[in-house]
Each structure stands twice: as structure tokens, then as C-alpha cells.
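Shown next: protein_34.cif, containing mmCIF, C-alpha atoms.
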data_query
#
loop_
_atom_site.label_atom_id
_atom_site.label_comp_id
_atom_site.auth_asym_id
_atom_site.auth_seq_id
_atom_site.Cartn_x
_atom_site.Cartn_y
_atom_site.Cartn_z
CA MET A 1 -21.46 79.23 3.95
CA LYS A 2 -20.43 75.87 2.46
CA ARG A 3 -21.16 74.26 5.80
CA LEU A 4 -24.63 75.86 5.85
CA ILE A 5 -25.38 74.57 2.34
CA PHE A 6 -24.16 71.10 3.36
CA LEU A 7 -26.34 71.16 6.49
CA PHE A 8 -29.37 72.27 4.46
CA ILE A 9 -28.91 69.48 1.90
CA ALA A 10 -28.26 66.90 4.64
CA SER A 11 -31.35 67.88 6.64
CA ALA A 12 -33.50 67.96 3.49
CA PHE A 13 -32.26 64.44 2.68
CA ILE A 14 -33.02 63.18 6.20
CA TRP A 15 -36.57 64.57 6.19
CA TYR A 16 -37.18 63.27 2.67
CA SER A 17 -36.13 59.81 3.81
CA VAL A 18 -38.72 59.70 6.62
CA PRO A 19 -41.79 59.02 4.46
CA CYS A 20 -39.64 56.69 2.34
CA SER A 21 -38.87 54.50 5.36
CA LEU A 22 -42.58 54.34 6.14
CA ALA A 23 -43.39 53.53 2.53
CA GLN A 24 -40.71 50.85 2.54
CA GLU A 25 -42.16 49.39 5.74
CA ASN A 26 -45.64 49.33 4.15
CA GLU A 27 -44.26 47.53 1.10
CA ASP A 28 -42.42 45.00 3.28
CA THR A 29 -45.61 44.32 5.23
CA LYS A 30 -47.65 43.77 2.06
CA GLU A 31 -45.11 41.29 0.73
CA ALA A 32 -44.74 39.37 3.98
CA PRO A 33 -46.26 35.87 4.14
CA GLY A 34 -49.60 35.82 5.94
CA TYR A 35 -50.68 39.26 4.72
CA VAL A 36 -54.23 39.52 3.38
CA ASP A 37 -55.22 42.66 1.53
CA PHE A 38 -58.84 43.11 2.60
CA GLU A 39 -58.91 46.36 0.62
CA ASN A 40 -59.05 44.27 -2.57
CA PHE A 41 -62.69 43.67 -1.69
CA ASP A 42 -65.03 46.58 -2.53
CA PHE A 43 -66.86 46.13 0.77
CA PHE A 44 -63.83 47.47 2.66
CA LYS A 45 -63.68 50.57 0.47
CA ASP A 46 -67.41 51.30 0.35
CA ILE A 47 -68.53 50.81 3.95
CA GLU A 48 -67.25 53.13 6.66
CA LYS A 49 -65.36 51.37 9.41
CA LYS A 50 -66.23 51.93 13.04
CA VAL A 51 -62.75 51.03 14.25
CA GLU A 52 -59.57 50.70 12.24
CA VAL A 53 -56.36 49.59 13.95
CA SER A 54 -53.14 49.04 12.05
CA ILE A 55 -50.08 48.50 14.21
CA LYS A 56 -46.97 47.47 12.37
CA GLY A 57 -43.15 47.47 12.32
CA SER A 58 -41.66 50.19 14.45
CA LEU A 59 -44.90 50.85 16.31
CA LEU A 60 -45.17 47.16 17.29
CA ARG A 61 -41.61 47.20 18.57
CA PHE A 62 -42.44 50.41 20.43
CA VAL A 63 -45.46 48.78 22.12
CA SER A 64 -43.44 45.63 22.75
CA LYS A 65 -40.76 47.66 24.49
CA ALA A 66 -43.41 49.46 26.50
CA ALA A 67 -44.85 46.14 27.68
CA GLU A 68 -41.44 44.61 28.48
CA LYS A 69 -41.54 45.01 32.25
CA GLU A 70 -45.29 44.89 32.80
CA ASP A 71 -45.97 41.83 30.69
CA PRO A 72 -42.80 40.14 29.32
CA GLU A 73 -44.72 37.33 27.57
CA LEU A 74 -46.87 39.76 25.62
CA SER A 75 -43.78 41.84 24.88
CA ARG A 76 -41.99 38.82 23.33
CA LEU A 77 -45.08 37.96 21.30
CA LEU A 78 -45.43 41.48 19.93
CA GLU A 79 -41.71 41.70 19.16
CA ASN A 80 -42.02 38.88 16.63
CA LEU A 81 -45.10 40.25 14.90
CA LYS A 82 -45.10 42.38 11.76
CA LEU A 83 -48.70 43.55 11.67
CA ILE A 84 -51.88 43.60 13.71
CA LYS A 85 -54.76 44.88 11.63
CA VAL A 86 -58.30 45.10 12.95
CA ASP A 87 -61.30 46.48 11.01
CA VAL A 88 -64.67 46.74 12.73
CA PHE A 89 -67.90 47.56 10.86
CA PRO A 90 -71.14 48.55 12.57
CA MET A 91 -74.05 46.26 11.67
CA ASP A 92 -76.70 48.98 11.80
CA GLU A 93 -76.27 49.95 8.14
CA ILE A 94 -75.30 46.61 6.59
CA SER A 95 -77.09 43.31 6.48
CA PHE A 96 -75.88 40.02 7.92
CA ASP A 97 -76.12 38.42 4.46
CA GLU A 98 -73.97 41.12 2.88
CA VAL A 99 -71.12 40.58 5.37
CA GLU A 100 -71.53 36.82 5.17
CA SER A 101 -71.06 36.91 1.41
CA VAL A 102 -67.82 38.91 1.89
CA ILE A 103 -66.61 36.34 4.42
CA ASN A 104 -67.41 33.56 1.94
CA ARG A 105 -65.44 35.27 -0.80
CA ILE A 106 -62.41 35.90 1.45
CA SER A 107 -62.58 32.30 2.73
CA LYS A 108 -62.56 30.99 -0.82
CA GLU A 109 -59.54 33.10 -1.69
CA LEU A 110 -57.66 32.03 1.43
CA GLU A 111 -58.36 28.36 0.75
CA SER A 112 -57.10 28.75 -2.82
CA LYS A 113 -53.84 30.04 -1.34
CA ASN A 114 -53.44 27.06 0.97
CA TRP A 115 -54.63 28.72 4.16
CA GLU A 116 -56.09 26.28 6.62
CA ARG A 117 -59.42 26.77 8.35
CA MET A 118 -59.20 26.25 12.12
CA VAL A 119 -62.60 27.37 13.31
CA ARG A 120 -66.02 27.77 11.77
CA VAL A 121 -69.08 28.79 13.75
CA LYS A 122 -72.31 29.19 11.81
CA GLU A 123 -75.39 30.15 13.75
CA ALA A 124 -78.52 32.17 13.02
CA LYS A 125 -77.06 35.54 13.97
CA GLN A 126 -73.42 34.65 14.37
CA ARG A 127 -70.61 33.60 12.10
CA VAL A 128 -66.94 33.09 12.90
CA GLU A 129 -64.15 31.90 10.63
CA ILE A 130 -60.50 31.61 11.66
CA TYR A 131 -57.80 30.74 9.15
CA ASN A 132 -54.07 30.24 9.62
CA GLN A 133 -51.06 29.88 7.41
CA PHE A 134 -47.99 27.91 8.43
CA ILE A 135 -44.72 28.42 6.58
CA ASP A 136 -41.85 26.06 7.52
CA ASP A 137 -43.75 25.02 10.65
CA ILE A 138 -44.05 28.63 11.78
CA LEU A 139 -47.46 30.22 12.19
CA SER A 140 -46.97 33.21 9.90
CA GLY A 141 -50.49 34.45 9.29
CA LEU A 142 -53.84 34.48 11.00
CA VAL A 143 -57.20 35.76 9.78
CA VAL A 144 -60.24 36.13 12.00
CA MET A 145 -63.63 37.08 10.54
CA ALA A 146 -66.63 37.37 12.81
CA ILE A 147 -70.17 38.73 12.64
CA SER A 148 -72.32 39.34 15.68
CA ASP A 149 -75.53 41.33 16.28
CA ASP A 150 -73.87 44.70 16.43
CA GLU A 151 -70.58 44.44 14.55
CA ALA A 152 -68.47 42.63 11.97
CA VAL A 153 -64.78 42.18 12.76
CA PHE A 154 -61.93 41.37 10.37
CA VAL A 155 -58.45 40.70 11.76
CA ASN A 156 -55.14 39.94 10.09
CA ILE A 157 -52.04 39.18 12.18
CA ILE A 158 -48.72 38.47 10.50
CA GLY A 159 -45.22 37.63 11.72
CA ASN A 160 -43.78 34.83 13.76
CA ILE A 161 -46.83 34.06 15.89
CA ASP A 162 -46.53 31.96 19.02
CA PRO A 163 -49.70 29.82 19.01
CA ALA A 164 -49.54 29.42 22.79
CA GLN A 165 -49.87 33.17 23.19
CA LEU A 166 -52.84 33.66 20.87
CA GLY A 167 -55.32 33.75 23.74
CA LYS A 168 -53.38 36.55 25.38
CA LEU A 169 -53.33 38.51 22.13
CA GLY A 170 -57.07 37.99 21.74
CA ASP A 171 -57.73 39.24 25.27
CA LYS A 172 -55.53 42.31 24.90
CA PHE A 173 -56.90 43.39 21.54
CA GLY A 174 -60.45 42.16 22.05
CA ILE A 175 -60.23 39.70 19.13
CA PRO A 176 -63.17 37.29 19.28
CA LYS A 177 -62.64 33.51 19.67
CA LEU A 178 -58.81 33.75 19.80
CA GLY A 179 -58.91 33.17 23.54
CA ASP A 180 -60.57 29.76 23.00
CA MET A 181 -57.92 28.51 20.59
CA LYS A 182 -55.93 25.43 21.57
CA TYR A 183 -52.95 24.20 19.49
CA MET B 1 -59.04 81.73 25.31
CA TRP B 2 -55.28 81.46 25.11
CA SER B 3 -52.84 81.13 22.31
CA SER B 4 -49.10 81.00 21.91
CA GLY B 5 -46.96 80.88 18.77
CA CYS B 6 -48.19 80.17 15.23
CA THR B 7 -49.31 76.72 14.26
CA THR B 8 -47.76 75.06 11.17
CA ASN B 9 -49.36 74.89 7.71
CA GLU B 10 -50.01 71.17 8.13
CA PHE B 11 -51.78 71.81 11.43
CA ASN B 12 -53.86 74.58 9.85
CA ASP B 13 -54.67 72.39 6.82
CA VAL B 14 -56.05 69.69 9.13
CA GLN B 15 -58.08 72.25 11.08
CA HIS B 16 -59.48 73.86 7.91
CA ALA B 17 -60.36 70.50 6.31
CA ILE B 18 -62.39 69.55 9.38
CA GLU B 19 -64.01 73.01 9.61
CA LYS B 20 -65.06 72.72 5.97
CA GLN B 21 -66.50 69.27 6.54
CA ILE B 22 -68.61 70.17 9.59
CA GLN B 23 -70.25 73.24 8.01
CA PRO B 24 -72.68 74.86 8.75
CA ALA B 25 -71.38 74.23 12.29
CA LYS B 26 -68.50 76.52 13.15
CA THR B 27 -65.52 76.31 15.47
CA LYS B 28 -64.32 78.82 18.01
CA THR B 29 -60.74 78.69 19.21
CA TYR B 30 -60.60 77.85 22.91
CA LEU B 31 -56.89 77.17 23.15
CA LYS B 32 -54.09 77.22 20.62
CA LEU B 33 -50.56 76.39 21.59
CA ASN B 34 -47.39 75.90 19.61
CA LEU B 35 -44.21 75.36 21.52
CA GLY B 36 -41.17 74.72 19.36
CA PRO B 37 -37.59 74.30 20.61
CA VAL B 38 -37.20 78.06 21.16
CA LEU B 39 -40.38 78.51 23.21
CA LEU B 40 -39.93 75.18 24.98
CA PHE B 41 -36.50 76.19 26.28
CA PRO B 42 -37.76 78.83 28.81
CA VAL B 43 -40.62 76.50 29.79
CA LYS B 44 -38.13 73.69 30.45
CA THR B 45 -35.88 76.08 32.39
CA ILE B 46 -38.73 77.30 34.60
CA ILE B 47 -39.97 73.77 35.23
CA ASN B 48 -36.44 72.61 36.02
CA LEU B 49 -36.29 75.33 38.68
CA ILE B 50 -39.63 74.58 40.32
CA ASP B 51 -39.65 70.82 39.80
CA THR B 52 -37.24 69.99 42.62
CA GLU B 53 -38.30 66.35 42.73
CA ASP B 54 -37.59 65.89 39.01
CA GLU B 55 -41.06 64.58 38.21
CA ALA B 56 -41.73 66.48 34.99
CA SER B 57 -38.29 67.70 33.89
CA PRO B 58 -36.94 64.36 32.55
CA TYR B 59 -39.97 64.02 30.26
CA LEU B 60 -39.80 67.58 28.99
CA ASP B 61 -36.15 67.15 28.03
CA GLU B 62 -37.21 64.57 25.44
CA ILE B 63 -39.97 66.74 23.90
CA MET B 64 -38.96 68.88 20.91
CA LYS B 65 -42.28 70.35 19.91
CA VAL B 66 -45.87 70.54 21.11
CA GLN B 67 -48.84 71.84 19.13
CA VAL B 68 -52.32 71.77 20.59
CA GLY B 69 -55.56 73.27 19.34
CA VAL B 70 -58.84 73.04 21.23
CA TYR B 71 -61.88 74.41 19.40
CA LYS B 72 -65.45 74.60 20.66
CA ILE B 73 -68.09 73.45 18.16
CA LYS B 74 -70.86 75.95 17.59
CA LYS B 75 -73.84 74.31 15.93
CA THR B 76 -76.57 76.12 14.03
CA ASN B 77 -80.19 75.10 13.49
CA GLN B 78 -79.17 73.37 10.27
CA PRO B 79 -77.90 69.79 10.59
CA ALA B 80 -74.13 69.34 10.35
CA GLU B 81 -72.11 66.23 9.65
CA LEU B 82 -69.56 66.08 12.46
CA LYS B 83 -66.94 63.97 10.78
CA ILE B 84 -63.18 63.97 10.24
CA PRO B 85 -62.90 63.93 6.41
CA ASP B 86 -60.65 61.49 4.55
CA THR B 87 -58.64 64.45 3.22
CA VAL B 88 -57.08 64.73 6.69
CA LYS B 89 -55.58 61.28 6.34
CA LYS B 90 -54.27 62.27 2.90
CA VAL B 91 -52.76 65.57 4.12
CA LEU B 92 -51.01 63.84 7.03
CA HIS B 93 -49.91 60.85 4.96
CA GLU B 94 -48.21 63.20 2.50
CA SER B 95 -46.23 64.62 5.42
CA GLY B 96 -45.09 61.18 6.53
CA TRP B 97 -47.74 60.45 9.19
CA GLU B 98 -49.18 56.95 9.32
CA VAL B 99 -52.58 56.22 10.84
CA PHE B 100 -52.64 53.51 13.50
CA VAL B 101 -56.02 53.95 15.15
CA ARG B 102 -59.28 55.33 13.75
CA VAL B 103 -62.48 55.16 15.74
CA ARG B 104 -65.78 56.43 14.37
CA GLU B 105 -68.56 56.30 16.94
CA LYS B 106 -71.85 58.15 16.53
CA ASN B 107 -70.88 61.11 18.70
CA GLU B 108 -67.13 60.91 18.70
CA MET B 109 -64.33 60.32 16.25
CA VAL B 110 -60.70 59.74 17.08
CA GLU B 111 -57.73 59.42 14.74
CA CYS B 112 -54.17 58.72 15.89
CA TYR B 113 -51.11 58.92 13.67
CA TYR B 114 -47.41 58.36 14.23
CA LYS B 115 -44.27 59.44 12.47
CA GLN B 116 -41.05 57.49 12.45
CA LYS B 117 -37.47 58.19 11.59
CA SER B 118 -35.56 55.02 10.73
CA GLU B 119 -36.64 52.77 13.64
CA ASP B 120 -37.71 55.46 16.13
CA ILE B 121 -41.14 56.93 16.76
CA ILE B 122 -40.59 60.68 16.64
CA GLY B 123 -44.13 62.03 16.63
CA ILE B 124 -47.70 61.31 17.64
CA TYR B 125 -50.63 63.21 16.12
CA THR B 126 -54.12 62.89 17.59
CA ILE B 127 -57.45 64.33 16.43
CA VAL B 128 -60.62 64.09 18.49
CA LEU B 129 -63.97 65.37 17.24
CA ASN B 130 -67.21 65.17 19.21
CA ASP B 131 -70.42 67.17 19.58
CA ASP B 132 -68.72 69.82 21.72
CA ASP B 133 -65.05 69.99 20.81
CA LEU B 134 -62.43 69.54 18.15
CA ILE B 135 -59.01 68.75 19.60
CA ILE B 136 -55.86 68.51 17.49
CA ALA B 137 -52.60 67.64 19.22
CA GLU B 138 -49.12 66.95 17.94
CA VAL B 139 -46.12 65.97 20.05
CA ARG B 140 -42.68 65.49 18.61
CA GLY B 141 -39.58 64.26 20.34
CA ARG B 142 -37.87 61.09 21.50
CA LEU B 143 -41.14 59.39 22.38
CA ASP B 144 -39.53 55.96 22.97
CA ARG B 145 -37.50 57.46 25.79
CA ILE B 146 -40.52 59.22 27.32
CA ILE B 147 -42.46 55.95 27.40
CA GLU B 148 -39.45 54.12 28.80
CA LYS B 149 -39.10 56.64 31.62
CA ALA B 150 -42.82 56.61 32.37
CA ILE B 151 -42.83 52.82 32.65
CA GLN B 152 -39.73 52.78 34.82
CA GLU B 153 -41.39 55.14 37.25
CA HIS B 154 -45.07 54.29 37.10
CA GLY B 155 -45.46 50.96 35.32
CA LEU B 156 -47.78 50.67 32.34
CA PRO B 157 -51.47 49.84 32.57
CA LEU B 158 -51.69 47.81 29.34
CA LYS B 159 -55.43 47.31 29.69
CA ASP B 160 -55.94 51.06 29.33
CA ILE B 161 -54.01 51.09 26.05
CA PHE B 162 -55.66 48.13 24.36
#
As C-alpha cells:
Amino acid sequence: MKRLIFLFIASAFIWYSVPCSLAQENEDTKEAPGYVDFENFDFFKDIEKKVEVSIKGSLLRFVSKAAEKEDPELSRLLENLKLIKVDVFPMDEISFDEVESVINRISKELESKNWERMVRVKEAKQRVEIYNQFIDDILSGLVVMAISDDEAVFVNIIGNIDPAQLGKLGDKFGIPKLGDMKY
Amino acid sequence: MWSSGCTTNEFNDVQHAIEKQIQPAKTKTYLKLNLGPVLLFPVKTIINLIDTEDEASPYLDEIMKVQVGVYKIKKTNQPAELKIPDTVKKVLHESGWEVFVRVREKNEMVECYYKQKSEDIIGIYTIVLNDDDLIIAEVRGRLDRIIEKAIQEHGLPLKDIF
């Protein structure tokens, strides 16, 4: 009977700790350098996203392991990342100006936190902004914001990012303009 | 059409939340399956016997639980909002599931969640809702090992994943 009680308490403790480890991982991600909390902007709460991808921690290592044999370079790149977050909004219910003003506000905030702008494309129906953050000569954060005719894309990648592999990451995850980057 | 075992409260909560959201459209159970360790054991045994080339058996050994629900959507003349409500994310989050992909197209919505225990992925939960069907699927087990085995044997088409 004592053994049964012990087993019950032990299993309850293990299952209780599962959400805690996830919560801890979420906290770690939010505190990591290079993280940008887009949800601080009302736009991200009010407008429904078309696509929302958030791959972090254990799941990134899981994907990295899965890619090990097929694509070792991509596997190594993913292994050193902490988060890949992609939010895509459809442009059929929001205006170009509305998204552009959000991009301007985020850009301002990033610049006030010493992020560096790498790319700016401003055309009639297109806008792209790419920012990066280096910490101790390591590329630790990347933000891509892009508007096209049919969608607006916001990307945040954090971790130890290999600049030489950015193009590959862009191709695999369909992140605009990353493939053209040269460091 | 076919059902086996009883689905868990969490599974039923997700189903009911979606059913409530899509009203006045209704759902009709097409397939409902819940195979826990007890029901999976005879399945594994039978497959071990017939699977002489060991194609499926190694994967099944790593699976602890499978729950699948396939429901046909029956629309009425009144318009219905076919949408996975945000309460689903809340219900699953409270049970330790973390969303990693959410796609909301006009005629189809997909949500994928994962559950981890320390560093291991121990569960994948997928919900698909379109004009015709609602599909809810949950697989629990040593998913890292299943993926590892699959890659060893068949490679991994990364382009299909991303």
C-alpha cells in the first residue's frame, strides 16, 4: 500500500512538472537576447493571423535531429537556435497603411534597443525591413517584417544564428528576402 | 461508422468547443478511436505476427496511445462560422500542450500542438477543420524514436515539412 501511495505521488509530481517545464522554456525564450514580443502591439492581438508558427527549444532540437542525416548543415543551424516565430496576416481585411504603421512602430522600438537595420525596401505596394542584433559578435536576433499584395509577414529568430546559413533558413521556412542576404 | 474505447475528457472538451463554435452546423461521428496501452497491446501483438518484415512493428512499439476522431460536418441552410475557437488553445494549454503551427485559410484550419516531458517530445495533437470534416488526432509515445527510425529507413523529405 505504501508503495502504491508513493507511486501515485511520484506520478502526480511528474505530470505536474510537464507544464512547468514548458512554462519555464517559454520564460527562458522571452528573456533570451534577440526576442521581440510582437504581442505587445495591439495589431497582433486584434487581427486574426493566417499562419502562426512558433518552434522553440525541444521542438527545434527535435527537428534538428530529424534533419541530421538529410541536411546536416540545416541541422547544425537549427540546433543553435532558440526560437523561430512566424506570423502571417492576410491583406484582404487590413490596409497597407495600417500594417506599415505597425512596422514603423516596431522599427522605432528596435532601433531604440540598438538593433541594426540591414535591409529596407520601400515601394508602392511592397515594404521589407530586416533588423539584426549582435551580442559579443554573435548574431543573436533577427527580425523580418514584410508586406506584399496578399500578406504581411513578421518573423523573429533567436539563438546563435550562423549568418552564412540564413539563406537556407529563408528557403526552408519561406521567409522573404533572407535568401538574398550577404554578410 | 466505427468506434473503439472512450475518448478522454480533454479530447471531448476540444470536440465540444468546436461543435459549439460551428453551430448551427452539426457534426456526425464517422470514426472514433481510442487505443491506450491496454487496447494497443493486442493490436501490437497481431501486427507483430503478421508483419514478418518488421515494417510497422518497430514504430508501434514506441506508441503509447492513439486517439482519433473523424466527424462529418452537416451544414444547414443558415450560415455557420467554421472556425476552431480560441478556447481550444486554452483547454489544451492548461493540459500542457503548446501550439507550434496554426493555419487559418478560408476553407481549412489546422492547429498542431506538442507536449514535452523534460527534453523529449511525448505527444502530438492535431486538429483539422474544413467544409466537410473535423479531424482530431492525438498520438502519445516516444516520438523522437519514431522519427529517428523513420529517417533511418526512409530518409526525410524536409521540403514536405516546411
Exercise for the section: Using the chain letters and numbers from the file, give me the residues hit by the PyMOL selection byres ((chain B) within 6 of (chain A)), as a VMD selection string. Expected result: chain B and resid 96 100 to 104 117 119 162
Problem - Between atom CA of Pro37 of chain B and atom CA of Asp61 of chain B, distance in Å (one decimal) - result: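 Rounded to one decimal, the two atoms are 10.4 Å apart.
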Practice task
Report the distance between atom CA of Leu129 of chain B and atom CA of Tyr113 of chain B in Å, rounded to one decimal place.
Solution key: 14.8 Å
Can you translate the PyMOL selection byres ((chain B and resi 130) around 6) into the concrete residues it hits in this file, as an mmCIF file with C-alpha atoms, keeping the file's coordinate frame?
data_model
loop_
_atom_site.group_PDB
_atom_site.id
_atom_site.type_symbol
_atom_site.label_atom_id
_atom_site.label_comp_id
_atom_site.auth_asym_id
_atom_site.auth_seq_id
_atom_site.Cartn_x
_atom_site.Cartn_y
_atom_site.Cartn_z
ATOM 1 C CA ASN B 107 -70.880 61.110 18.700
ATOM 2 C CA GLU B 108 -67.130 60.910 18.700
ATOM 3 C CA LEU B 129 -63.970 65.370 17.240
ATOM 4 C CA ASP B 131 -70.420 67.170 19.580
ATOM 5 C CA ASP B 132 -68.720 69.820 21.720
ATOM 6 C CA ASP B 133 -65.050 69.990 20.810
#
Considering all atoms listed in the file, return as a PDB file with C-alpha atoms, keeping the file's coordinate frame whatever protein or nucleic-acid residues lie within 12 Å of segment 84-88 of chain B, sequence-local ones (same chain, fewer than 6 positions apart) excluded.
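Generated output (selection_36.pdb):
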ATOM      1  CA  GLU A  48     -67.250  53.130   6.660  1.00  0.00           C
TER       2      GLU A  48
ATOM      3  CA  GLU B  10     -50.010  71.170   8.130  1.00  0.00           C
ATOM      4  CA  PHE B  11     -51.780  71.810  11.430  1.00  0.00           C
ATOM      5  CA  ASN B  12     -53.860  74.580   9.850  1.00  0.00           C
ATOM      6  CA  ASP B  13     -54.670  72.390   6.820  1.00  0.00           C
ATOM      7  CA  VAL B  14     -56.050  69.690   9.130  1.00  0.00           C
ATOM      8  CA  GLN B  15     -58.080  72.250  11.080  1.00  0.00           C
ATOM      9  CA  HIS B  16     -59.480  73.860   7.910  1.00  0.00           C
ATOM     10  CA  ALA B  17     -60.360  70.500   6.310  1.00  0.00           C
ATOM     11  CA  ILE B  18     -62.390  69.550   9.380  1.00  0.00           C
ATOM     12  CA  GLU B  19     -64.010  73.010   9.610  1.00  0.00           C
ATOM     13  CA  LYS B  20     -65.060  72.720   5.970  1.00  0.00           C
ATOM     14  CA  GLN B  21     -66.500  69.270   6.540  1.00  0.00           C
ATOM     15  CA  ILE B  22     -68.610  70.170   9.590  1.00  0.00           C
ATOM     16  CA  GLN B  23     -70.250  73.240   8.010  1.00  0.00           C
ATOM     17  CA  GLU B  94     -48.210  63.200   2.500  1.00  0.00           C
ATOM     18  CA  SER B  95     -46.230  64.620   5.420  1.00  0.00           C
ATOM     19  CA  TRP B  97     -47.740  60.450   9.190  1.00  0.00           C
ATOM     20  CA  GLU B  98     -49.180  56.950   9.320  1.00  0.00           C
ATOM     21  CA  VAL B  99     -52.580  56.220  10.840  1.00  0.00           C
ATOM     22  CA  ARG B 102     -59.280  55.330  13.750  1.00  0.00           C
ATOM     23  CA  VAL B 103     -62.480  55.160  15.740  1.00  0.00           C
ATOM     24  CA  ARG B 104     -65.780  56.430  14.370  1.00  0.00           C
ATOM     25  CA  GLU B 105     -68.560  56.300  16.940  1.00  0.00           C
ATOM     26  CA  ASN B 107     -70.880  61.110  18.700  1.00  0.00           C
ATOM     27  CA  GLU B 108     -67.130  60.910  18.700  1.00  0.00           C
ATOM     28  CA  MET B 109     -64.330  60.320  16.250  1.00  0.00           C
ATOM     29  CA  VAL B 110     -60.700  59.740  17.080  1.00  0.00           C
ATOM     30  CA  GLU B 111     -57.730  59.420  14.740  1.00  0.00           C
ATOM     31  CA  CYS B 112     -54.170  58.720  15.890  1.00  0.00           C
ATOM     32  CA  TYR B 113     -51.110  58.920  13.670  1.00  0.00           C
ATOM     33  CA  TYR B 125     -50.630  63.210  16.120  1.00  0.00           C
ATOM     34  CA  THR B 126     -54.120  62.890  17.590  1.00  0.00           C
ATOM     35  CA  ILE B 127     -57.450  64.330  16.430  1.00  0.00           C
ATOM     36  CA  VAL B 128     -60.620  64.090  18.490  1.00  0.00           C
ATOM     37  CA  LEU B 129     -63.970  65.370  17.240  1.00  0.00           C
ATOM     38  CA  ASN B 130     -67.210  65.170  19.210  1.00  0.00           C
ATOM     39  CA  LEU B 134     -62.430  69.540  18.150  1.00  0.00           C
ATOM     40  CA  ILE B 135     -59.010  68.750  19.600  1.00  0.00           C
ATOM     41  CA  ILE B 136     -55.860  68.510  17.490  1.00  0.00           C
TER      42      ILE B 136
END
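Taking only C-alpha atoms into account, Glu79 of chain A lies nearest to A:Asn160 out of the set A:Ser112, A:Asn160, A:Asn40, A:Asn104.
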